[in-house]
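start17.cif follows (mmCIF, C-alpha atoms):
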```cif
data_query
loop_
_atom_site.label_atom_id
_atom_site.label_comp_id
_atom_site.auth_asym_id
_atom_site.auth_seq_id
_atom_site.Cartn_x
_atom_site.Cartn_y
_atom_site.Cartn_z
CA MET A 202 1.01 18.20 21.31
CA ASP A 203 -1.09 15.24 22.38
CA ILE A 204 -2.02 13.55 19.10
CA LEU A 205 -4.38 10.69 18.35
CA VAL A 206 -3.65 8.53 15.29
CA ILE A 207 -6.59 6.35 14.25
CA GLY A 208 -5.49 3.10 12.64
CA ALA A 209 -2.52 0.84 13.40
CA GLY A 210 -1.65 -0.27 9.91
CA ILE A 211 1.68 0.48 8.29
CA VAL A 212 0.71 4.04 7.39
CA GLY A 213 -0.80 4.84 10.80
CA LEU A 214 2.26 3.44 12.58
CA ALA A 215 4.61 5.34 10.27
CA ILE A 216 2.74 8.56 11.01
CA ALA A 217 2.91 7.86 14.75
CA ARG A 218 6.62 7.15 14.47
CA SER A 219 7.25 10.48 12.69
CA LEU A 220 5.16 12.42 15.20
CA SER A 221 6.82 10.75 18.20
CA ARG A 222 10.28 11.53 16.77
CA ARG A 223 9.32 15.20 16.85
CA GLY A 224 8.48 15.07 20.54
CA HIS A 225 4.70 14.75 20.38
CA ALA A 226 2.78 12.54 22.81
CA VAL A 227 1.13 10.02 20.49
CA VAL A 228 -1.63 7.47 21.02
CA VAL A 229 -2.51 5.05 18.21
CA ALA A 230 -6.08 3.76 18.46
CA GLU A 231 -6.85 0.51 16.63
CA ARG A 232 -10.35 -0.94 16.57
CA THR A 233 -9.15 -4.55 16.23
CA ALA A 234 -7.09 -6.68 18.61
CA GLY A 235 -3.79 -6.34 16.73
CA ILE A 236 -1.73 -4.16 14.44
CA GLY A 237 -1.98 -4.33 10.66
CA GLY A 238 -4.80 -6.84 10.39
CA GLY A 239 -6.34 -5.26 7.29
CA ILE A 240 -4.65 -3.91 4.17
CA SER A 241 -1.20 -3.97 5.75
CA SER A 242 -1.15 -7.76 6.11
CA ARG A 243 -3.11 -8.56 2.93
CA ASN A 244 -0.91 -7.31 0.12
CA SER A 245 2.04 -8.40 -2.02
CA GLU A 246 4.66 -6.93 0.38
CA VAL A 247 6.27 -5.36 -2.68
CA VAL A 248 8.51 -2.31 -2.38
CA HIS A 249 7.49 -0.40 -5.51
CA ALA A 250 9.95 1.66 -7.52
CA GLY A 251 7.38 4.29 -8.56
CA LEU A 252 6.79 3.48 -12.23
CA TYR A 253 3.11 3.87 -12.85
CA TYR A 254 1.88 7.07 -11.22
CA PRO A 255 1.35 10.49 -12.84
CA THR A 256 4.31 12.77 -12.30
CA GLY A 257 3.72 15.16 -9.42
CA SER A 258 0.92 13.06 -7.95
CA LEU A 259 1.05 12.13 -4.27
CA LYS A 260 1.47 8.49 -5.27
CA ALA A 261 4.50 9.28 -7.44
CA ARG A 262 6.13 11.62 -4.93
CA HIS A 263 5.61 9.49 -1.84
CA CYS A 264 6.37 6.18 -3.56
CA VAL A 265 9.79 7.25 -4.80
CA ALA A 266 10.72 9.10 -1.62
CA GLY A 267 9.20 6.41 0.59
CA ARG A 268 11.00 3.61 -1.22
CA ARG A 269 14.38 5.23 -0.64
CA MET A 270 13.51 5.86 2.99
CA LEU A 271 12.17 2.32 3.43
CA TYR A 272 15.29 0.52 2.22
CA ALA A 273 17.44 2.70 4.50
CA TYR A 274 15.08 2.16 7.44
CA CYS A 275 15.04 -1.60 6.98
CA ALA A 276 18.85 -1.71 6.88
CA GLU A 277 19.07 0.47 10.00
CA ARG A 278 16.42 -1.41 12.01
CA GLY A 279 17.14 -4.96 10.87
CA VAL A 280 13.82 -5.39 9.03
CA PRO A 281 14.07 -8.15 6.39
CA ALA A 282 13.93 -6.68 2.89
CA ARG A 283 15.45 -7.60 -0.47
CA ARG A 284 15.91 -5.50 -3.61
CA LEU A 285 15.15 -8.35 -6.02
CA GLY A 286 14.25 -6.31 -9.07
CA LYS A 287 11.21 -6.67 -11.30
CA LEU A 288 10.49 -7.41 -14.94
CA VAL A 289 7.35 -5.89 -16.43
CA VAL A 290 6.73 -8.04 -19.47
CA ALA A 291 5.08 -7.65 -22.85
CA THR A 292 3.77 -10.94 -24.19
CA SER A 293 2.90 -9.51 -27.61
CA GLU A 294 4.23 -6.81 -29.92
CA ALA A 295 1.12 -4.78 -29.16
CA GLU A 296 2.08 -4.50 -25.48
CA ILE A 297 5.58 -3.10 -26.08
CA GLY A 298 4.12 0.38 -26.33
CA LYS A 299 2.78 -0.03 -22.79
CA LEU A 300 6.29 -0.81 -21.55
CA GLU A 301 7.70 2.24 -23.32
CA ALA A 302 5.05 4.41 -21.70
CA ILE A 303 5.76 2.92 -18.26
CA ARG A 304 9.50 3.54 -18.67
CA ALA A 305 8.88 7.14 -19.69
CA GLN A 306 6.56 7.62 -16.71
CA GLY A 307 9.06 6.04 -14.33
CA GLU A 308 11.91 8.19 -15.58
CA ALA A 309 9.75 11.29 -15.25
CA ASN A 310 9.16 10.21 -11.64
CA ASP A 311 12.93 9.98 -11.00
CA VAL A 312 13.00 6.17 -10.81
CA GLU A 313 16.57 4.93 -11.20
CA GLU A 314 18.12 2.34 -13.55
CA LEU A 315 15.12 1.50 -15.74
CA ALA A 316 15.92 -0.43 -18.91
CA LEU A 317 13.72 -1.69 -21.74
CA ILE A 318 15.24 -4.97 -22.89
CA PRO A 319 14.40 -7.46 -25.65
CA GLY A 320 12.83 -10.82 -24.89
CA GLU A 321 16.14 -12.64 -25.35
CA ALA A 322 17.80 -10.53 -22.64
CA ALA A 323 14.86 -11.04 -20.29
CA ARG A 324 14.99 -14.82 -20.83
CA ALA A 325 18.71 -14.77 -20.11
CA MET A 326 17.83 -13.28 -16.71
CA GLU A 327 14.81 -15.55 -16.16
CA PRO A 328 14.97 -18.69 -18.37
CA ALA A 329 11.40 -19.78 -17.52
CA LEU A 330 9.98 -16.49 -18.81
CA ALA A 331 8.11 -16.07 -22.08
CA CYS A 332 7.93 -12.52 -23.38
CA THR A 333 8.49 -10.28 -26.37
CA ALA A 334 10.21 -7.55 -24.34
CA ALA A 335 10.52 -6.47 -20.73
CA LEU A 336 11.09 -3.41 -18.62
CA HIS A 337 13.71 -4.10 -15.94
CA SER A 338 13.27 -2.22 -12.64
CA PRO A 339 16.20 -3.08 -10.32
CA GLN A 340 14.85 -0.90 -7.48
CA THR A 341 11.72 -3.00 -6.90
CA GLY A 342 11.88 -5.39 -3.95
CA ILE A 343 10.05 -7.10 -1.12
CA VAL A 344 9.78 -6.48 2.62
CA ASP A 345 8.51 -8.33 5.67
CA SER A 346 5.49 -6.11 6.34
CA HIS A 347 4.83 -7.46 9.84
CA ALA A 348 8.45 -6.97 10.92
CA LEU A 349 8.23 -3.45 9.51
CA MET A 350 5.12 -2.69 11.54
CA LEU A 351 6.72 -4.07 14.70
CA ALA A 352 9.76 -1.85 14.11
CA LEU A 353 7.58 1.23 13.62
CA GLN A 354 5.54 0.39 16.72
CA GLY A 355 8.69 -0.20 18.75
CA GLU A 356 10.25 3.10 17.72
CA MET A 357 7.03 4.97 18.46
CA GLU A 358 6.85 3.37 21.92
CA ASP A 359 10.54 4.04 22.56
CA ASN A 360 9.71 7.71 21.97
CA GLY A 361 6.92 7.61 24.56
CA GLY A 362 3.98 6.78 22.29
CA ALA A 363 1.27 4.27 23.17
CA LEU A 364 -0.83 1.73 21.27
CA ALA A 365 -4.46 1.22 22.28
CA LEU A 366 -5.90 -1.97 20.76
CA ALA A 367 -9.60 -2.92 20.62
CA THR A 368 -10.36 0.81 20.75
CA PRO A 369 -13.01 1.78 18.20
CA ILE A 370 -13.57 5.50 17.84
CA GLU A 371 -17.23 6.49 18.17
CA ARG A 372 -17.20 10.24 17.62
CA LEU A 373 -14.85 13.19 17.22
CA ALA A 374 -15.63 16.86 17.78
CA PHE A 375 -13.46 19.98 18.02
CA ARG A 376 -14.58 21.85 21.14
CA ASP A 377 -12.97 24.53 23.31
CA GLY A 378 -9.72 24.41 21.37
CA ALA A 379 -9.19 20.66 21.52
CA TRP A 380 -10.42 17.43 19.96
CA GLU A 381 -12.93 15.54 22.06
CA VAL A 382 -12.78 11.87 21.11
CA THR A 383 -15.44 9.45 22.33
CA VAL A 384 -14.40 5.85 23.06
CA ALA A 385 -16.79 3.42 24.79
CA GLY A 386 -18.94 6.36 25.81
CA GLU A 387 -16.07 8.24 27.45
CA ALA A 388 -14.58 11.46 26.14
CA HIS A 389 -10.81 11.98 25.80
CA ARG A 390 -9.12 15.19 24.72
CA PHE A 391 -6.30 15.58 22.19
CA ASP A 392 -4.66 18.56 20.56
CA ALA A 393 -4.69 16.94 17.09
CA VAL A 394 -6.13 13.93 15.30
CA VAL A 395 -4.97 11.90 12.30
CA ASN A 396 -7.48 9.66 10.51
CA ALA A 397 -5.40 6.80 9.04
CA ALA A 398 -8.18 4.22 9.29
CA ALA A 399 -7.75 2.80 5.75
CA LEU A 400 -10.99 1.01 4.81
CA GLY A 401 -12.65 2.78 7.74
CA ALA A 402 -11.42 6.29 6.91
CA GLN A 403 -14.69 7.44 5.37
CA ALA A 404 -16.67 6.13 8.34
CA ILE A 405 -14.37 8.00 10.74
CA ALA A 406 -14.81 11.18 8.69
CA ARG A 407 -18.60 10.83 8.94
CA ALA A 408 -18.24 10.37 12.71
CA THR A 409 -16.29 13.65 12.87
CA GLU A 410 -18.51 16.58 13.77
CA GLY A 411 -18.33 19.29 11.15
CA TYR A 412 -16.47 17.24 8.53
CA PRO A 413 -18.09 18.32 5.24
CA GLU A 414 -19.77 15.44 3.41
CA ALA A 415 -18.59 16.90 0.11
CA ALA A 416 -14.98 16.51 1.28
CA ILE A 417 -15.37 12.76 1.91
CA PRO A 418 -14.40 10.85 -1.24
CA PRO A 419 -16.38 7.75 -2.24
CA LEU A 420 -15.02 4.37 -1.15
CA ARG A 421 -14.79 1.69 -3.84
CA LEU A 422 -13.81 -1.80 -2.73
CA ALA A 423 -11.57 -3.78 -5.10
CA LYS A 424 -10.95 -7.28 -3.79
CA GLY A 425 -7.77 -9.04 -4.84
CA THR A 426 -7.15 -12.76 -4.41
CA TYR A 427 -3.73 -14.42 -4.20
CA PHE A 428 -2.78 -17.99 -5.01
CA ALA A 429 0.37 -19.76 -3.82
CA CYS A 430 2.52 -22.04 -5.94
CA ALA A 431 4.37 -24.83 -4.15
CA GLY A 432 7.69 -26.26 -5.23
CA ARG A 433 11.01 -24.83 -6.29
CA PRO A 434 10.71 -21.17 -7.40
CA ALA A 435 10.93 -20.79 -11.16
CA PHE A 436 11.96 -17.12 -10.95
CA GLY A 437 14.36 -15.01 -8.92
CA ARG A 438 12.71 -11.66 -9.65
CA LEU A 439 9.19 -10.30 -9.53
CA ILE A 440 7.32 -10.69 -12.81
CA TYR A 441 4.52 -8.28 -13.74
CA PRO A 442 2.40 -8.31 -16.89
CA ALA A 443 1.41 -5.09 -18.61
CA PRO A 444 -1.15 -3.31 -16.35
CA VAL A 445 -4.90 -3.97 -16.56
CA ASP A 446 -7.92 -1.85 -15.61
CA GLY A 447 -8.07 -1.45 -11.81
CA GLY A 448 -4.67 -2.96 -11.01
CA LEU A 449 -1.33 -4.25 -12.17
CA GLY A 450 -2.50 -7.64 -13.39
CA VAL A 451 -1.89 -11.12 -12.00
CA HIS A 452 1.77 -10.79 -11.14
CA LEU A 453 4.30 -13.13 -9.63
CA THR A 454 5.88 -12.11 -6.35
CA LEU A 455 8.22 -13.90 -3.99
CA ASP A 456 8.21 -13.84 -0.23
CA LEU A 457 11.43 -13.66 1.75
CA ALA A 458 11.54 -17.46 1.94
CA GLY A 459 11.45 -17.65 -1.86
CA ARG A 460 7.88 -18.94 -2.13
CA MET A 461 6.06 -17.94 -5.29
CA ARG A 462 2.62 -16.40 -5.11
CA PHE A 463 0.39 -14.90 -7.77
CA GLY A 464 -2.11 -12.08 -7.68
CA PRO A 465 -4.00 -10.04 -7.01
CA ASP A 466 -6.80 -10.07 -9.50
CA VAL A 467 -9.52 -7.41 -9.42
CA GLU A 468 -13.05 -8.12 -8.16
CA TRP A 469 -15.29 -5.14 -7.42
CA ILE A 470 -17.39 -5.80 -4.31
CA GLU A 471 -19.95 -3.93 -2.19
CA ALA A 472 -18.88 -5.00 1.33
CA GLU A 473 -15.76 -6.37 3.02
CA ASP A 474 -15.34 -10.06 2.29
CA TYR A 475 -12.12 -11.97 2.84
CA ASP A 476 -13.29 -15.40 1.70
CA VAL A 477 -11.05 -16.90 -0.98
CA ASP A 478 -12.88 -18.52 -3.89
CA PRO A 479 -10.69 -21.41 -5.14
CA MET A 480 -12.52 -21.32 -8.47
CA ARG A 481 -10.88 -17.99 -9.32
CA SER A 482 -7.70 -19.95 -10.00
CA GLU A 483 -9.17 -20.89 -13.39
CA SER A 484 -8.62 -17.38 -14.73
CA PHE A 485 -5.19 -17.23 -13.02
CA TYR A 486 -3.81 -20.15 -15.03
CA ALA A 487 -4.53 -18.47 -18.35
CA ALA A 488 -3.11 -15.12 -17.20
CA ILE A 489 0.07 -16.63 -15.73
CA ARG A 490 0.77 -18.89 -18.69
CA ARG A 491 1.08 -15.86 -20.92
CA TYR A 492 4.47 -15.24 -19.29
CA TRP A 493 5.14 -18.65 -17.68
CA PRO A 494 3.88 -21.32 -20.09
CA ALA A 495 5.35 -24.14 -17.96
CA LEU A 496 3.02 -23.51 -15.00
CA PRO A 497 1.88 -27.06 -14.11
CA ASP A 498 -1.78 -27.99 -13.90
CA GLY A 499 -3.02 -28.03 -10.31
CA ALA A 500 -0.02 -26.05 -9.03
CA LEU A 501 -2.00 -23.13 -7.57
CA THR A 502 -3.55 -23.24 -4.12
CA ALA A 503 -5.80 -20.59 -2.58
CA ASP A 504 -3.78 -18.36 -0.25
CA TYR A 505 -5.44 -15.12 0.90
CA CYS A 506 -7.16 -11.98 -0.33
CA GLY A 507 -7.04 -8.27 0.37
CA ILE A 508 -9.21 -5.25 -0.38
CA ARG A 509 -7.95 -2.04 -1.97
CA PRO A 510 -9.65 1.11 -0.58
CA LYS A 511 -10.03 2.76 -3.97
CA LEU A 512 -11.52 6.18 -4.58
CA SER A 513 -12.42 5.41 -8.21
CA GLY A 514 -14.51 2.58 -9.60
CA PRO A 515 -14.29 0.32 -12.65
CA GLY A 516 -13.65 2.18 -15.87
CA GLU A 517 -12.83 5.44 -14.07
CA PRO A 518 -9.39 7.10 -14.08
CA ALA A 519 -7.23 5.95 -11.16
CA ALA A 520 -7.52 8.31 -8.21
CA ASP A 521 -4.58 9.70 -6.28
CA PHE A 522 -4.01 9.45 -2.54
CA VAL A 523 -5.95 12.07 -0.58
CA VAL A 524 -4.19 13.67 2.40
CA ALA A 525 -6.70 16.23 3.66
CA ASP A 526 -5.67 18.92 6.13
CA GLU A 527 -7.52 22.03 7.35
CA THR A 528 -7.42 23.63 3.89
CA ALA A 529 -9.55 20.73 2.57
CA HIS A 530 -12.11 20.37 5.36
CA GLY A 531 -11.86 23.43 7.59
CA LEU A 532 -11.14 21.57 10.82
CA PRO A 533 -8.04 22.61 12.80
CA ARG A 534 -5.21 20.19 13.58
CA HIS A 535 -6.89 17.31 11.76
CA VAL A 536 -5.43 15.27 8.89
CA ALA A 537 -7.46 12.58 7.11
CA LEU A 538 -6.01 10.09 4.64
CA PHE A 539 -8.22 8.42 2.03
CA GLY A 540 -7.52 5.90 -0.71
CA ILE A 541 -4.16 4.74 0.61
CA GLU A 542 -3.94 1.65 -1.56
CA SER A 543 -0.82 0.54 -3.43
CA PRO A 544 1.82 1.97 -3.20
CA GLY A 545 0.81 2.76 0.38
CA LEU A 546 3.25 0.36 2.01
CA THR A 547 6.17 1.77 0.00
CA SER A 548 5.00 5.33 0.65
CA ALA A 549 4.41 4.94 4.40
CA LEU A 550 7.52 6.62 5.79
CA SER A 551 7.22 9.55 3.39
CA LEU A 552 3.51 9.94 4.20
CA GLY A 553 4.42 9.90 7.89
CA GLU A 554 6.74 12.84 7.44
CA ALA A 555 4.20 14.72 5.31
CA VAL A 556 1.49 14.38 7.96
CA ALA A 557 3.89 15.47 10.69
CA ASP A 558 4.81 18.50 8.57
CA ALA A 559 1.12 19.34 8.05
CA LEU A 560 0.42 19.31 11.78
CA ALA A 561 3.55 21.35 12.48
CA THR A 562 2.29 24.14 10.23
CA GLY A 563 -1.42 23.76 11.01
#
```

Please go through the file and, once you have read it, give me the structure as structure tokens.
Amino acid sequence: MDILVIGAGIVGLAIARSLSRRGHAVVVAERTAGIGGGISSRNSEVVHAGLYYPTGSLKARHCVAGRRMLYAYCAERGVPARRLGKLVVATSEAEIGKLEAIRAQGEANDVEELALIPGEAARAMEPALACTAALHSPQTGIVDSHALMLALQGEMEDNGGALALATPIERLAFRDGAWEVTVAGEAHRFDAVVNAAALGAQAIARATEGYPEAAIPPLRLAKGTYFACAGRPAFGRLIYPAPVDGGLGVHLTLDLAGRMRFGPDVEWIEAEDYDVDPMRSESFYAAIRRYWPALPDGALTADYCGIRPKLSGPGEPAADFVVADETAHGLPRHVALFGIESPGLTSALSLGEAVADALATG
């Protein structure tokens, strides 16, 4: 089949890679001038183990499967990645119950090697850490997201696929047995379409003739800001506090060069805005010092921000990924993905295979 994939982020490229490996002629259309300029380049670059998500949910299934696939893929393709491990920390007795619940959830999701350890054991691993107890997740790691996207793009192109940059999609309609896709006023025909447009997925659905409005989930924008910390890294593992409403709290991650960075926080916004407010660091200091009391004054510098394409708003239960095929919207050979926030990066290869399977049986 000739298949159009809309969106050249990590998930769109992973889907294109899976489709091209199965012999399909794939075109990836990206509205901007480069790959992965949105969510895919504005995250923590963390490879998640799969701890937090309800058992049987798409997030749980694709995170665990995708993480195993991702580490193998990175080793095979020479993509920089490191399985550093993570400590989820309780900074009070009251938070230990949260860690116990996370461990139980992770084990139910088939996450390997989880261990709840006392504060003394956690401090033996990370002497700068302050905590009452910690959950150790050895399977958590980090990846070079841009190198990963380049590898996915390269494999897709090696299999005959093509990338079309600066190509915004104006309209889609299923006519005479094929998808008619309008770009710059010109119509192009494809056998199948995948909407992997991330923050733009709902807009693409509304530009798709016959896509039921009731099947388009609401888009809630949760902005997250990151701050960098210069100097010698104080930790060798990722450090996460107990989760907070809307996210996983202000956590410490490391990039592949060992640089420490903190975030993201949660700021609910109405429109895309990537400006970093340096004043938000004031709340970061208090949050970080709960588990790293020695954080020096003035050590944080504004780095970058990202936006999570959430399907649920503040105070609402966290929504699952939505991978909508014909059974959800009634349109043949069309798959639309909504709400692919964290753990979308970790889940990408597994989602790619799931979408390819859906089109194979559609």

Nearest to Ala331 of chain A, chosen from A:Ile440, A:Asp466, A:Gly450, A:Leu560, with only C-alpha atoms counted in the distances
A:Ile440

Would you write out, as a PyMOL selection string, every residue that the PyMOL selection byres ((chain A and resi 244-252) around 9) captures in this file?
chain A and resi 240-243+253-255+260-265+268-269+271-272+282-284+303-313+338-346+425+427+439+454-456+462-465+506-508+543-544+546-548

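Distance check against Gly378 of chain A using all atoms listed in the file: of A:Glu327, A:Asp359, A:Leu366, A:Arg534, the minimum falls on A:Arg534.
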
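Here atom CA of Arg278 of chain A stands at a distance of 11.4 Å from atom CA of Met350 of chain A.
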
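With atom CA of His389 of chain A on one side and atom CA of Thr562 of chain A on the other, the separation reads 23.7 Å.
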
Please evaluate the PyMOL selection byres ((chain A and resi 404-416) around 10) against the displayed coordinates and give the resulting residues as a PyMOL selection string.
chain A and resi 207+369-376+380-382+396-403+417-420+525+529-532+537-539

re atom CA of Leu496 of chain A and atom CA of Trp469 of chain A: distance 27.0 Å

Long-range neighbours of Val206 of chain A as a PDB file with C-alpha atoms, keeping the file's coordinate frame, 6 Å cut-off, only C-alpha atoms, 6 positions minimum in chain:
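Output file around.pdb follows:
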```pdb
ATOM      1  CA  VAL A 229      -2.510   5.050  18.210  1.00  0.00           C
ATOM      2  CA  VAL A 394      -6.130  13.930  15.300  1.00  0.00           C
ATOM      3  CA  VAL A 395      -4.970  11.900  12.300  1.00  0.00           C
TER       4      VAL A 395
END
```

Can you list, as number ranges by chain, the residues that the PyMOL selection byres ((chain A and resi 557) around 9) selects here?
A: 216-217, 219-220, 223, 552-556, 558-562

Complete the atom set of segment 405-416 of chain A to N, CA and C atoms and return it as a compact mmCIF listing (two decimals), in the coordinates of the input.
```txt
# COMPACT_ATOMS: atom_id res chain seq x y z
N ILE A 405 -14.90 7.11 9.70
CA ILE A 405 -14.37 8.00 10.74
C ILE A 405 -14.67 9.45 10.38
N ALA A 406 -14.53 9.80 9.11
CA ALA A 406 -14.81 11.18 8.69
C ALA A 406 -16.28 11.52 8.96
N ARG A 407 -17.16 10.57 8.70
CA ARG A 407 -18.60 10.83 8.94
C ARG A 407 -18.92 10.88 10.43
N ALA A 408 -18.06 10.29 11.26
CA ALA A 408 -18.24 10.37 12.71
C ALA A 408 -17.56 11.61 13.30
N THR A 409 -16.99 12.44 12.43
CA THR A 409 -16.29 13.65 12.87
C THR A 409 -17.21 14.85 12.70
N GLU A 410 -17.59 15.45 13.80
CA GLU A 410 -18.51 16.58 13.77
C GLU A 410 -17.94 17.71 12.93
N GLY A 411 -18.75 18.17 11.97
CA GLY A 411 -18.33 19.29 11.15
C GLY A 411 -17.52 18.92 9.92
N TYR A 412 -17.23 17.62 9.73
CA TYR A 412 -16.47 17.24 8.53
C TYR A 412 -17.43 17.31 7.34
N PRO A 413 -17.13 18.13 6.33
CA PRO A 413 -18.09 18.32 5.24
C PRO A 413 -18.26 17.04 4.42
N GLU A 414 -19.50 16.66 4.19
CA GLU A 414 -19.77 15.44 3.41
C GLU A 414 -19.15 15.54 2.02
N ALA A 415 -19.15 16.72 1.45
CA ALA A 415 -18.59 16.90 0.11
C ALA A 415 -17.09 16.66 0.07
N ALA A 416 -16.43 16.72 1.22
CA ALA A 416 -14.98 16.51 1.28
C ALA A 416 -14.62 15.05 1.54
```
